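> Just one file: work39.pdb, with PDB, C-alpha atoms.
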```pdb
ATOM      1  CA  MET Y 991      26.234  -5.890 -39.961
ATOM      2  CA  ALA Y 992      27.122  -6.714 -36.350
ATOM      3  CA  PHE Y 993      29.019  -9.873 -37.321
ATOM      4  CA  LYS Y 994      32.690  -9.328 -38.021
ATOM      5  CA  ALA Y 995      34.311 -11.406 -40.768
ATOM      6  CA  THR Y 996      37.562 -12.757 -39.363
ATOM      7  CA  GLY Y 997      38.161 -15.568 -41.876
ATOM      8  CA  TRP Y 998      40.252 -15.389 -44.995
ATOM      9  CA  TYR Y 999      39.006 -13.811 -48.188
ATOM     10  CA  TRP Y1000      39.437 -15.489 -51.567
ATOM     11  CA  GLU Y1001      42.629 -13.513 -52.214
ATOM     12  CA  GLU Y1002      44.259 -14.854 -49.057
ATOM     13  CA  PHE Y1003      44.025 -18.544 -49.974
ATOM     14  CA  GLN Y1004      47.185 -19.472 -51.866
ATOM     15  CA  ILE Y1005      47.411 -22.669 -53.914
ATOM     16  CA  GLY Y1006      49.459 -25.169 -51.909
ATOM     17  CA  HIS Y1007      48.660 -23.634 -48.523
ATOM     18  CA  VAL Y1008      48.221 -26.304 -45.856
ATOM     19  CA  GLN Y1009      46.066 -25.958 -42.754
ATOM     20  CA  ASP Y1010      45.941 -28.563 -39.982
ATOM     21  CA  SER Y1011      42.857 -28.812 -37.784
ATOM     22  CA  GLU Y1012      42.588 -29.648 -34.118
ATOM     23  CA  GLU Y1013      41.396 -33.116 -33.082
ATOM     24  CA  ARG Y1014      37.953 -34.310 -32.132
ATOM     25  CA  VAL Y1015      36.840 -37.534 -30.470
ATOM     26  CA  ILE Y1016      33.907 -39.320 -32.110
ATOM     27  CA  THR Y1017      31.759 -40.848 -29.379
ATOM     28  CA  LYS Y1018      28.817 -43.219 -29.174
ATOM     29  CA  ASP Y1019      26.716 -40.185 -28.187
ATOM     30  CA  ASP Y1020      27.749 -38.430 -31.401
ATOM     31  CA  VAL Y1021      26.728 -41.465 -33.442
ATOM     32  CA  ASP Y1022      23.393 -41.801 -31.634
ATOM     33  CA  ALA Y1023      22.692 -38.088 -32.079
ATOM     34  CA  PHE Y1024      23.597 -38.316 -35.763
ATOM     35  CA  ALA Y1025      21.312 -41.331 -36.235
ATOM     36  CA  ARG Y1026      18.414 -39.409 -34.673
ATOM     37  CA  LEU Y1027      19.035 -36.262 -36.706
ATOM     38  CA  SER Y1028      19.765 -37.881 -40.064
ATOM     39  CA  GLU Y1029      17.345 -40.780 -39.474
ATOM     40  CA  ASP Y1030      20.073 -43.051 -40.848
ATOM     41  CA  THR Y1031      19.444 -46.005 -38.540
ATOM     42  CA  ASN Y1032      21.654 -48.534 -40.299
ATOM     43  CA  PRO Y1033      22.433 -51.220 -37.669
ATOM     44  CA  LEU Y1034      26.160 -50.991 -38.546
ATOM     45  CA  HIS Y1035      26.151 -47.867 -36.353
ATOM     46  CA  LEU Y1036      23.619 -48.808 -33.669
ATOM     47  CA  ASP Y1037      23.266 -52.561 -33.106
ATOM     48  CA  GLU Y1038      26.269 -54.050 -31.357
ATOM     49  CA  GLU Y1039      25.371 -57.663 -31.955
ATOM     50  CA  TYR Y1040      24.779 -57.010 -35.649
ATOM     51  CA  ALA Y1041      28.015 -55.046 -36.028
ATOM     52  CA  LYS Y1042      29.993 -57.853 -34.431
ATOM     53  CA  GLU Y1043      29.101 -60.089 -37.385
ATOM     54  CA  GLY Y1044      29.736 -57.336 -39.935
ATOM     55  CA  PRO Y1045      32.764 -56.289 -41.990
ATOM     56  CA  PHE Y1046      34.332 -54.199 -39.199
ATOM     57  CA  GLY Y1047      33.660 -56.495 -36.220
ATOM     58  CA  LYS Y1048      32.252 -53.650 -34.116
ATOM     59  CA  LEU Y1049      30.140 -50.511 -34.341
ATOM     60  CA  VAL Y1050      31.406 -47.765 -36.660
ATOM     61  CA  ALA Y1051      30.482 -44.105 -37.078
ATOM     62  CA  HIS Y1052      28.454 -42.958 -40.091
ATOM     63  CA  GLY Y1053      30.727 -41.721 -42.885
ATOM     64  CA  MET Y1054      28.501 -38.661 -43.191
ATOM     65  CA  LEU Y1055      29.020 -37.907 -39.499
ATOM     66  CA  ILE Y1056      32.778 -37.937 -40.086
ATOM     67  CA  LEU Y1057      32.443 -35.539 -43.005
ATOM     68  CA  SER Y1058      30.092 -33.346 -40.979
ATOM     69  CA  ALA Y1059      32.483 -33.270 -38.013
ATOM     70  CA  THR Y1060      35.260 -32.377 -40.446
ATOM     71  CA  THR Y1061      33.370 -29.281 -41.565
ATOM     72  CA  GLY Y1062      33.263 -28.367 -37.858
ATOM     73  CA  LEU Y1063      37.003 -28.936 -37.493
ATOM     74  CA  THR Y1064      37.650 -26.627 -40.426
ATOM     75  CA  CYS Y1065      35.343 -24.006 -38.847
ATOM     76  CA  ARG Y1066      37.466 -24.128 -35.699
ATOM     77  CA  THR Y1067      40.542 -23.089 -37.698
ATOM     78  CA  GLY Y1068      38.926 -19.646 -38.005
ATOM     79  CA  ARG Y1069      39.835 -19.381 -41.693
ATOM     80  CA  PHE Y1070      36.230 -19.489 -42.868
ATOM     81  CA  ARG Y1071      34.518 -17.289 -40.279
ATOM     82  CA  GLY Y1072      32.274 -14.840 -42.076
ATOM     83  CA  THR Y1073      33.979 -15.210 -45.455
ATOM     84  CA  THR Y1074      32.456 -18.488 -46.710
ATOM     85  CA  LEU Y1075      29.388 -18.037 -48.900
ATOM     86  CA  ALA Y1076      28.465 -21.590 -49.873
ATOM     87  CA  PHE Y1077      29.549 -25.220 -50.165
ATOM     88  CA  VAL Y1078      29.499 -25.775 -53.925
ATOM     89  CA  ASN Y1079      30.919 -29.213 -54.541
ATOM     90  CA  LEU Y1080      32.094 -32.227 -52.585
ATOM     91  CA  THR Y1081      33.643 -35.601 -53.284
ATOM     92  CA  SER Y1082      34.723 -38.122 -50.683
ATOM     93  CA  ARG Y1083      36.287 -41.569 -50.615
ATOM     94  CA  PHE Y1084      35.689 -43.361 -47.324
ATOM     95  CA  ILE Y1085      38.823 -45.419 -46.823
ATOM     96  CA  ARG Y1086      38.797 -46.704 -43.231
ATOM     97  CA  PRO Y1087      36.107 -46.962 -40.549
ATOM     98  CA  VAL Y1088      35.986 -44.694 -37.493
ATOM     99  CA  TYR Y1089      35.287 -46.530 -34.218
ATOM    100  CA  PHE Y1090      33.770 -45.013 -31.107
ATOM    101  CA  GLY Y1091      36.439 -43.148 -29.154
ATOM    102  CA  ASP Y1092      38.646 -42.544 -32.203
ATOM    103  CA  ARG Y1093      40.156 -39.085 -32.567
ATOM    104  CA  ILE Y1094      39.908 -37.512 -35.994
ATOM    105  CA  ARG Y1095      41.613 -34.473 -37.451
ATOM    106  CA  CYS Y1096      42.092 -33.120 -40.959
ATOM    107  CA  ARG Y1097      44.619 -31.415 -43.141
ATOM    108  CA  MET Y1098      43.268 -29.085 -45.832
ATOM    109  CA  LYS Y1099      45.422 -28.123 -48.761
ATOM    110  CA  VAL Y1100      44.382 -25.455 -51.231
ATOM    111  CA  SER Y1101      44.452 -27.380 -54.503
ATOM    112  CA  ASP Y1102      43.099 -24.707 -56.841
ATOM    113  CA  LYS Y1103      41.193 -21.429 -56.981
ATOM    114  CA  LYS Y1104      39.098 -19.702 -59.610
ATOM    115  CA  GLU Y1105      37.678 -16.258 -60.139
ATOM    116  CA  ASP Y1106      34.073 -16.003 -61.172
ATOM    117  CA  PRO Y1107      33.852 -13.305 -63.849
ATOM    118  CA  LYS Y1108      30.071 -13.111 -63.407
ATOM    119  CA  ARG Y1109      30.309 -12.491 -59.672
ATOM    120  CA  PRO Y1110      33.067  -9.989 -58.995
ATOM    121  CA  GLY Y1111      32.669 -10.138 -55.197
ATOM    122  CA  GLN Y1112      33.110 -13.928 -55.024
ATOM    123  CA  GLY Y1113      35.570 -16.643 -55.953
ATOM    124  CA  LEU Y1114      35.949 -20.417 -55.730
ATOM    125  CA  VAL Y1115      38.602 -22.160 -53.643
ATOM    126  CA  MET Y1116      39.222 -25.900 -53.955
ATOM    127  CA  PHE Y1117      40.587 -27.941 -51.058
ATOM    128  CA  ASP Y1118      42.081 -31.423 -50.803
ATOM    129  CA  VAL Y1119      40.901 -32.543 -47.355
ATOM    130  CA  ARG Y1120      42.508 -35.597 -45.722
ATOM    131  CA  ILE Y1121      40.974 -36.973 -42.562
ATOM    132  CA  ARG Y1122      43.155 -39.098 -40.281
ATOM    133  CA  ASN Y1123      42.687 -40.936 -36.992
ATOM    134  CA  GLN Y1124      44.851 -41.015 -33.845
ATOM    135  CA  ASP Y1125      47.131 -43.635 -35.479
ATOM    136  CA  ASP Y1126      47.706 -41.334 -38.460
ATOM    137  CA  GLU Y1127      45.719 -43.692 -40.694
ATOM    138  CA  LEU Y1128      43.842 -42.094 -43.600
ATOM    139  CA  ILE Y1129      40.088 -42.300 -42.902
ATOM    140  CA  ALA Y1130      38.831 -40.347 -45.903
ATOM    141  CA  GLN Y1131      40.045 -38.180 -48.739
ATOM    142  CA  SER Y1132      37.680 -35.443 -49.750
ATOM    143  CA  ASP Y1133      37.692 -32.591 -52.286
ATOM    144  CA  TRP Y1134      35.709 -29.494 -51.453
ATOM    145  CA  THR Y1135      34.870 -26.451 -53.552
ATOM    146  CA  LEU Y1136      33.832 -23.458 -51.466
ATOM    147  CA  LEU Y1137      32.481 -20.111 -52.633
ATOM    148  CA  MET Y1138      34.380 -17.419 -50.734
ATOM    149  CA  LYS Y1139      34.009 -13.673 -50.458
ATOM    150  CA  ARG Y1140      36.556 -11.524 -52.218
ATOM    151  CA  LYS Y1141      38.257  -8.800 -50.251
ATOM    152  CA  PRO Y1142      36.129  -5.696 -50.123
ATOM    153  CA  ALA Y1143      37.854  -2.425 -50.961
ATOM    154  CA  GLY Y1144      39.531  -1.148 -47.819
ATOM    155  CA  ALA Y1145      39.376  -4.518 -45.960
TER     156      ALA Y1145
ATOM    157  CA  MET M1055      22.098 -62.974 -35.563
ATOM    158  CA  ALA M1056      18.851 -61.546 -34.151
ATOM    159  CA  PHE M1057      18.665 -58.802 -36.749
ATOM    160  CA  LYS M1058      16.812 -59.754 -39.922
ATOM    161  CA  ALA M1059      18.078 -58.357 -43.225
ATOM    162  CA  THR M1060      15.030 -57.056 -45.099
ATOM    163  CA  GLY M1061      16.807 -54.806 -47.620
ATOM    164  CA  TRP M1062      17.881 -55.714 -51.111
ATOM    165  CA  TYR M1063      20.991 -57.738 -51.813
ATOM    166  CA  TRP M1064      23.475 -56.729 -54.524
ATOM    167  CA  GLU M1065      21.757 -59.068 -57.008
ATOM    168  CA  GLU M1066      18.405 -57.329 -56.575
ATOM    169  CA  PHE M1067      19.584 -53.859 -57.624
ATOM    170  CA  GLN M1068      19.105 -53.553 -61.372
ATOM    171  CA  ILE M1069      20.803 -50.813 -63.395
ATOM    172  CA  GLY M1070      18.182 -48.187 -64.198
ATOM    173  CA  HIS M1071      15.971 -49.005 -61.218
ATOM    174  CA  VAL M1072      14.409 -45.867 -59.718
ATOM    175  CA  GLN M1073      13.387 -45.459 -56.088
ATOM    176  CA  ASP M1074      11.560 -42.386 -54.768
ATOM    177  CA  SER M1075      11.851 -41.483 -51.094
ATOM    178  CA  GLU M1076       9.281 -39.986 -48.790
ATOM    179  CA  GLU M1077       9.527 -36.303 -47.865
ATOM    180  CA  ARG M1078      11.100 -34.664 -44.850
ATOM    181  CA  VAL M1079      10.809 -31.109 -43.557
ATOM    182  CA  ILE M1080      14.087 -29.403 -42.633
ATOM    183  CA  THR M1081      13.488 -27.214 -39.585
ATOM    184  CA  LYS M1082      15.411 -24.587 -37.628
ATOM    185  CA  ASP M1083      15.713 -27.214 -34.851
ATOM    186  CA  ASP M1084      17.376 -29.615 -37.308
ATOM    187  CA  VAL M1085      19.857 -26.930 -38.335
ATOM    188  CA  ASP M1086      20.614 -25.982 -34.719
ATOM    189  CA  ALA M1087      21.086 -29.660 -33.792
ATOM    190  CA  PHE M1088      23.361 -30.176 -36.784
ATOM    191  CA  ALA M1089      25.442 -27.104 -35.869
ATOM    192  CA  ARG M1090      25.907 -28.452 -32.330
ATOM    193  CA  LEU M1091      26.806 -31.952 -33.497
ATOM    194  CA  SER M1092      29.063 -31.038 -36.410
ATOM    195  CA  GLU M1093      30.390 -27.869 -34.724
ATOM    196  CA  ASP M1094      29.902 -26.138 -38.068
ATOM    197  CA  THR M1095      28.773 -22.782 -36.709
ATOM    198  CA  ASN M1096      28.966 -20.805 -39.948
ATOM    199  CA  PRO M1097      26.669 -17.774 -39.397
ATOM    200  CA  LEU M1098      24.962 -18.461 -42.756
ATOM    201  CA  HIS M1099      23.010 -21.129 -40.835
ATOM    202  CA  LEU M1100      22.637 -19.503 -37.407
ATOM    203  CA  ASP M1101      22.758 -15.702 -37.466
ATOM    204  CA  GLU M1102      19.631 -14.184 -38.979
ATOM    205  CA  GLU M1103      20.960 -10.678 -39.308
ATOM    206  CA  TYR M1104      24.128 -11.931 -41.011
ATOM    207  CA  ALA M1105      22.198 -14.200 -43.376
ATOM    208  CA  LYS M1106      19.937 -11.321 -44.416
ATOM    209  CA  GLU M1107      22.955  -9.587 -45.955
ATOM    210  CA  GLY M1108      24.280 -12.799 -47.523
ATOM    211  CA  PRO M1109      23.846 -14.465 -50.909
ATOM    212  CA  PHE M1110      20.537 -16.135 -50.006
ATOM    213  CA  GLY M1111      18.876 -13.289 -48.070
ATOM    214  CA  LYS M1112      17.931 -15.589 -45.197
ATOM    215  CA  LEU M1113      19.169 -18.512 -43.126
ATOM    216  CA  VAL M1114      19.906 -21.734 -45.028
ATOM    217  CA  ALA M1115      20.493 -25.332 -43.923
ATOM    218  CA  HIS M1116      23.999 -26.810 -44.009
ATOM    219  CA  GLY M1117      24.576 -28.734 -47.250
ATOM    220  CA  MET M1118      25.984 -31.594 -45.167
ATOM    221  CA  LEU M1119      22.748 -31.701 -43.166
ATOM    222  CA  ILE M1120      20.815 -32.094 -46.414
ATOM    223  CA  LEU M1121      23.079 -34.943 -47.520
ATOM    224  CA  SER M1122      22.813 -36.532 -44.075
ATOM    225  CA  ALA M1123      19.017 -36.278 -44.064
ATOM    226  CA  THR M1124      19.034 -37.819 -47.533
ATOM    227  CA  THR M1125      20.821 -40.894 -46.214
ATOM    228  CA  GLY M1126      17.963 -41.122 -43.693
ATOM    229  CA  LEU M1127      15.353 -40.820 -46.436
ATOM    230  CA  THR M1128      17.001 -43.657 -48.323
ATOM    231  CA  CYS M1129      17.026 -45.752 -45.111
ATOM    232  CA  ARG M1130      13.266 -45.235 -44.820
ATOM    233  CA  THR M1131      12.765 -46.882 -48.223
ATOM    234  CA  GLY M1132      13.730 -50.172 -46.549
ATOM    235  CA  ARG M1133      15.960 -51.174 -49.472
ATOM    236  CA  PHE M1134      19.169 -50.963 -47.443
ATOM    237  CA  ARG M1135      18.086 -52.520 -44.156
ATOM    238  CA  GLY M1136      20.673 -55.042 -43.074
ATOM    239  CA  THR M1137      22.223 -55.442 -46.528
ATOM    240  CA  THR M1138      24.429 -52.324 -46.727
ATOM    241  CA  LEU M1139      28.024 -52.905 -45.652
ATOM    242  CA  ALA M1140      29.657 -49.516 -46.184
ATOM    243  CA  PHE M1141      29.508 -46.109 -47.850
ATOM    244  CA  VAL M1142      32.472 -46.235 -50.221
ATOM    245  CA  ASN M1143      32.336 -43.098 -52.305
ATOM    246  CA  LEU M1144      30.344 -39.894 -52.556
ATOM    247  CA  THR M1145      30.192 -36.846 -54.796
ATOM    248  CA  SER M1146      27.734 -34.010 -54.469
ATOM    249  CA  ARG M1147      26.985 -30.746 -56.248
ATOM    250  CA  PHE M1148      25.000 -28.341 -54.084
ATOM    251  CA  ILE M1149      22.786 -26.494 -56.542
ATOM    252  CA  ARG M1150      20.163 -24.578 -54.542
ATOM    253  CA  PRO M1151      19.816 -23.639 -50.888
ATOM    254  CA  VAL M1152      17.359 -25.292 -48.512
ATOM    255  CA  TYR M1153      15.461 -22.833 -46.310
ATOM    256  CA  PHE M1154      13.910 -23.640 -42.940
ATOM    257  CA  GLY M1155      10.552 -25.320 -43.452
ATOM    258  CA  ASP M1156      11.438 -26.655 -46.920
ATOM    259  CA  ARG M1157      10.450 -30.233 -47.671
ATOM    260  CA  ILE M1158      13.096 -32.381 -49.299
ATOM    261  CA  ARG M1159      12.885 -35.765 -50.956
ATOM    262  CA  CYS M1160      15.142 -37.765 -53.233
ATOM    263  CA  ARG M1161      15.076 -40.052 -56.216
ATOM    264  CA  MET M1162      17.788 -42.722 -56.399
ATOM    265  CA  LYS M1163      18.590 -44.365 -59.679
ATOM    266  CA  VAL M1164      20.920 -47.345 -59.922
ATOM    267  CA  SER M1165      23.558 -46.041 -62.347
ATOM    268  CA  ASP M1166      25.965 -48.978 -62.267
ATOM    269  CA  LYS M1167      27.017 -52.048 -60.311
ATOM    270  CA  LYS M1168      30.217 -54.073 -59.988
ATOM    271  CA  GLU M1169      31.224 -57.395 -58.588
ATOM    272  CA  ASP M1170      34.296 -57.526 -56.404
ATOM    273  CA  PRO M1171      36.242 -60.641 -57.385
ATOM    274  CA  LYS M1172      38.309 -60.432 -54.182
ATOM    275  CA  ARG M1173      35.229 -60.371 -51.956
ATOM    276  CA  PRO M1174      32.727 -62.930 -53.211
ATOM    277  CA  GLY M1175      30.087 -62.061 -50.587
ATOM    278  CA  GLN M1176      29.997 -58.371 -51.515
ATOM    279  CA  GLY M1177      29.384 -56.083 -54.463
ATOM    280  CA  LEU M1178      29.295 -52.378 -55.310
ATOM    281  CA  VAL M1179      26.158 -50.511 -56.381
ATOM    282  CA  MET M1180      26.317 -46.948 -57.724
ATOM    283  CA  PHE M1181      23.402 -44.554 -57.360
ATOM    284  CA  ASP M1182      22.569 -41.220 -58.980
ATOM    285  CA  VAL M1183      20.769 -39.400 -56.151
ATOM    286  CA  ARG M1184      18.759 -36.254 -56.923
ATOM    287  CA  ILE M1185      17.429 -34.194 -54.042
ATOM    288  CA  ARG M1186      14.470 -31.883 -54.718
ATOM    289  CA  ASN M1187      12.406 -29.449 -52.686
ATOM    290  CA  GLN M1188       8.613 -28.988 -52.422
ATOM    291  CA  ASP M1189       8.658 -26.924 -55.648
ATOM    292  CA  ASP M1190      10.379 -29.759 -57.496
ATOM    293  CA  GLU M1191      13.560 -27.683 -57.772
ATOM    294  CA  LEU M1192      16.844 -29.607 -57.829
ATOM    295  CA  ILE M1193      18.709 -28.947 -54.550
ATOM    296  CA  ALA M1194      21.636 -31.297 -55.077
ATOM    297  CA  GLN M1195      22.859 -34.044 -57.356
ATOM    298  CA  SER M1196      24.905 -36.710 -55.682
ATOM    299  CA  ASP M1197      26.589 -39.958 -56.743
ATOM    300  CA  TRP M1198      26.949 -42.687 -54.139
ATOM    301  CA  THR M1199      28.831 -45.969 -54.233
ATOM    302  CA  LEU M1200      27.629 -48.436 -51.620
ATOM    303  CA  LEU M1201      29.094 -51.808 -50.692
ATOM    304  CA  MET M1202      26.201 -54.274 -50.499
ATOM    305  CA  LYS M1203      25.909 -57.848 -49.351
ATOM    306  CA  ARG M1204      25.441 -60.517 -51.991
ATOM    307  CA  LYS M1205      22.623 -62.930 -51.599
ATOM    308  CA  PRO M1206      23.601 -65.794 -49.309
ATOM    309  CA  ALA M1207      22.877 -69.301 -50.549
ATOM    310  CA  GLY M1208      19.276 -70.118 -49.670
ATOM    311  CA  ALA M1209      18.227 -66.484 -49.035
TER     312      ALA M1209
END
```
Now, as a test, write the supplied structure out as structure tokens.

Amino acid sequence: MAFKATGWYWEEFQIGHVQDSEERVITKDDVDAFARLSEDTNPLHLDEEYAKEGPFGKLVAHGMLILSATTGLTCRTGRFRGTTLAFVNLTSRFIRPVYFGDRIRCRMKVSDKKEDPKRPGQGLVMFDVRIRNQDDELIAQSDWTLLMKRKPAGA
Amino acid sequence: MAFKATGWYWEEFQIGHVQDSEERVITKDDVDAFARLSEDTNPLHLDEEYAKEGPFGKLVAHGMLILSATTGLTCRTGRFRGTTLAFVNLTSRFIRPVYFGDRIRCRMKVSDKKEDPKRPGQGLVMFDVRIRNQDDELIAQSDWTLLMKRKPAGA
């Protein structure tokens, strides 16, 4: 395989370990691109006049765009590069809106991990993922279960 | 407001009501666009040679793309047009992979609903969302809580 795994294996994730991501700005272009790709054309995200009368008073990003961008932020940490096998489970509470131009970042904490006796080369790692904006306000709290590779002999 | 709400209000969602979506094909272009937008560049979705050696034997779509596309499919039903206020809560189990060219669709069932005594113009509706592929295999099971408008007087 030409691709080199540089992320962490299951063994390397310790319960309680905390990883902070970099930041990312969420722009109007991101929201428009997400609306096109997802086909979620809710006017809360696209129609300024409509949004003005709505619960947030202005346009907001799709919650699913924020979660999606968060997966990208966690990729950037390098911890998952070539060692993640699958996204198994996800929960998310959307707590505050994200407005255009807001900067988001996340902190991932390893909340649990489990061996899989049926699959000796794999293991589950659970993360508590907290997404915050530039004012340090909590945007969303999310729990992720990822299937990770175990360390191959000699790695 | 120029925009006309044509979706269902909180009162119109009945527990047990089932709504089937149309279908959508998930393409390599969708996956590439999602990788660019989310910045989730996991090689499971992008590197054919790498994916061949992986758990699925070929490239698979991002789980978050599938969830995102599902929000679009539910938009297309028309039930949420101009009456949805916010995505409040989400859980999802990713059960099977989606390969390029697969057709996905979903069935949403109203699993519960709640008034919000503090916000008389709004109410919560909970949905059990099941995403299936063209072979009727369950791809993901997801629970969504949406904040919906209540019917205005005279509507």
> Show which residues sit within 8 Å of segment 1063-1065 of chain M, as JSON, numbers by chain. Count all atoms listed in the file, and ignore same-chain residues fewer than 3 positions away.
{"M": [1068, 1137, 1176, 1177, 1178, 1179, 1202, 1203, 1204, 1205]}
> For atom CA of Leu1100 of chain M and atom CA of His1116 of chain M, determine how far apart the two atoms are, in Å to one decimal place.
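Distance between the two atoms: 9.9 Å.
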> Please report as a short mmCIF file (atom, residue, chain, number, x, y, z; two decimals) with C-alpha atoms, keeping the file's coordinate frame which residues of chain Y come no farther than 6 Å from chain M, using all atoms listed in the file.

```cif
data_model
loop_
_atom_site.label_atom_id
_atom_site.label_comp_id
_atom_site.auth_asym_id
_atom_site.auth_seq_id
_atom_site.Cartn_x
_atom_site.Cartn_y
_atom_site.Cartn_z
CA SER Y 1028 19.76 -37.88 -40.06
CA GLU Y 1029 17.34 -40.78 -39.47
CA ASP Y 1030 20.07 -43.05 -40.85
CA SER Y 1058 30.09 -33.35 -40.98
CA ALA Y 1059 32.48 -33.27 -38.01
CA THR Y 1061 33.37 -29.28 -41.56
CA GLY Y 1062 33.26 -28.37 -37.86
CA CYS Y 1065 35.34 -24.01 -38.85
CA VAL Y 1078 29.50 -25.78 -53.92
CA ASN Y 1079 30.92 -29.21 -54.54
CA LEU Y 1080 32.09 -32.23 -52.58
CA THR Y 1081 33.64 -35.60 -53.28
CA SER Y 1082 34.72 -38.12 -50.68
CA ARG Y 1083 36.29 -41.57 -50.62
CA PHE Y 1084 35.69 -43.36 -47.32
#
```
> Give me the residues within 6 Å of Ile1016 of chain Y as an MDAnalysis selection string, counting all atoms listed in the file and dropping any in the same chain fewer than 3 places off.
chainID Y and resid 1090:1092
> For each of M:Leu1200, M:Val1164, M:Val1072, M:Val1152, take the minimum atom-to-atom distance to His1099 of chain M, counting only C-alpha atoms, then give the residue where this is smallest.
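Nearest to His1099 of chain M: M:Val1152.
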> Rank M:Arg1186, M:Trp1062, M:Arg1133, M:Lys1112 by their smallest atom-to-atom distance to Val1079 of chain M, using all atoms listed in the file, and report the top residue only.
M:Arg1186
> Check the smallest atom-to-atom distance from each of Y:Glu1038, Y:Thr1067, Y:Lys1099, Y:Lys1104 to Val1119 of chain Y using all atoms listed in the file, then report the winner.
Y:Lys1099
> Rounded to one decimal in Å, what is the spacing between atom CA of Glu1191 of chain M and atom CA of Thr1081 of chain M?
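Atom CA of Thr1081 of chain M lies at a distance of 18.2 Å from atom CA of Glu1191 of chain M.
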> Step by step: start from the point (45.2, -33.3, -35.8) in the file's coordinates, keep every protein, DNA or RNA residue that has an atom no farther than 8 Å from it, count all atoms listed in the file, and write the set as a list in words.
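Protein and nucleic acid residues near the point are Asp1010, Ser1011, Glu1012, Glu1013, Ile1094, Arg1095, Cys1096, Arg1097, Arg1122 and Gln1124 of chain Y.
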> Could you list as a PDB file with C-alpha atoms, in the coordinates of the input every residue that has an atom within 12 Å of (50.2, -25.3, -52.9), using the file's coordinates and counting all atoms listed in the file?

```pdb
ATOM      1  CA  PHE Y1003      44.025 -18.544 -49.974  1.00  0.00           C
ATOM      2  CA  GLN Y1004      47.185 -19.472 -51.866  1.00  0.00           C
ATOM      3  CA  ILE Y1005      47.411 -22.669 -53.914  1.00  0.00           C
ATOM      4  CA  GLY Y1006      49.459 -25.169 -51.909  1.00  0.00           C
ATOM      5  CA  HIS Y1007      48.660 -23.634 -48.523  1.00  0.00           C
ATOM      6  CA  VAL Y1008      48.221 -26.304 -45.856  1.00  0.00           C
ATOM      7  CA  GLN Y1009      46.066 -25.958 -42.754  1.00  0.00           C
ATOM      8  CA  MET Y1098      43.268 -29.085 -45.832  1.00  0.00           C
ATOM      9  CA  LYS Y1099      45.422 -28.123 -48.761  1.00  0.00           C
ATOM     10  CA  VAL Y1100      44.382 -25.455 -51.231  1.00  0.00           C
ATOM     11  CA  SER Y1101      44.452 -27.380 -54.503  1.00  0.00           C
ATOM     12  CA  ASP Y1102      43.099 -24.707 -56.841  1.00  0.00           C
ATOM     13  CA  LYS Y1103      41.193 -21.429 -56.981  1.00  0.00           C
ATOM     14  CA  MET Y1116      39.222 -25.900 -53.955  1.00  0.00           C
ATOM     15  CA  PHE Y1117      40.587 -27.941 -51.058  1.00  0.00           C
ATOM     16  CA  ASP Y1118      42.081 -31.423 -50.803  1.00  0.00           C
TER      17      ASP Y1118
END
```
> For the atom pair atom CA of Arg1109 of chain Y and atom CA of Ala995 of chain Y, what is the interatomic distance in Å to one decimal place?
19.4 Å
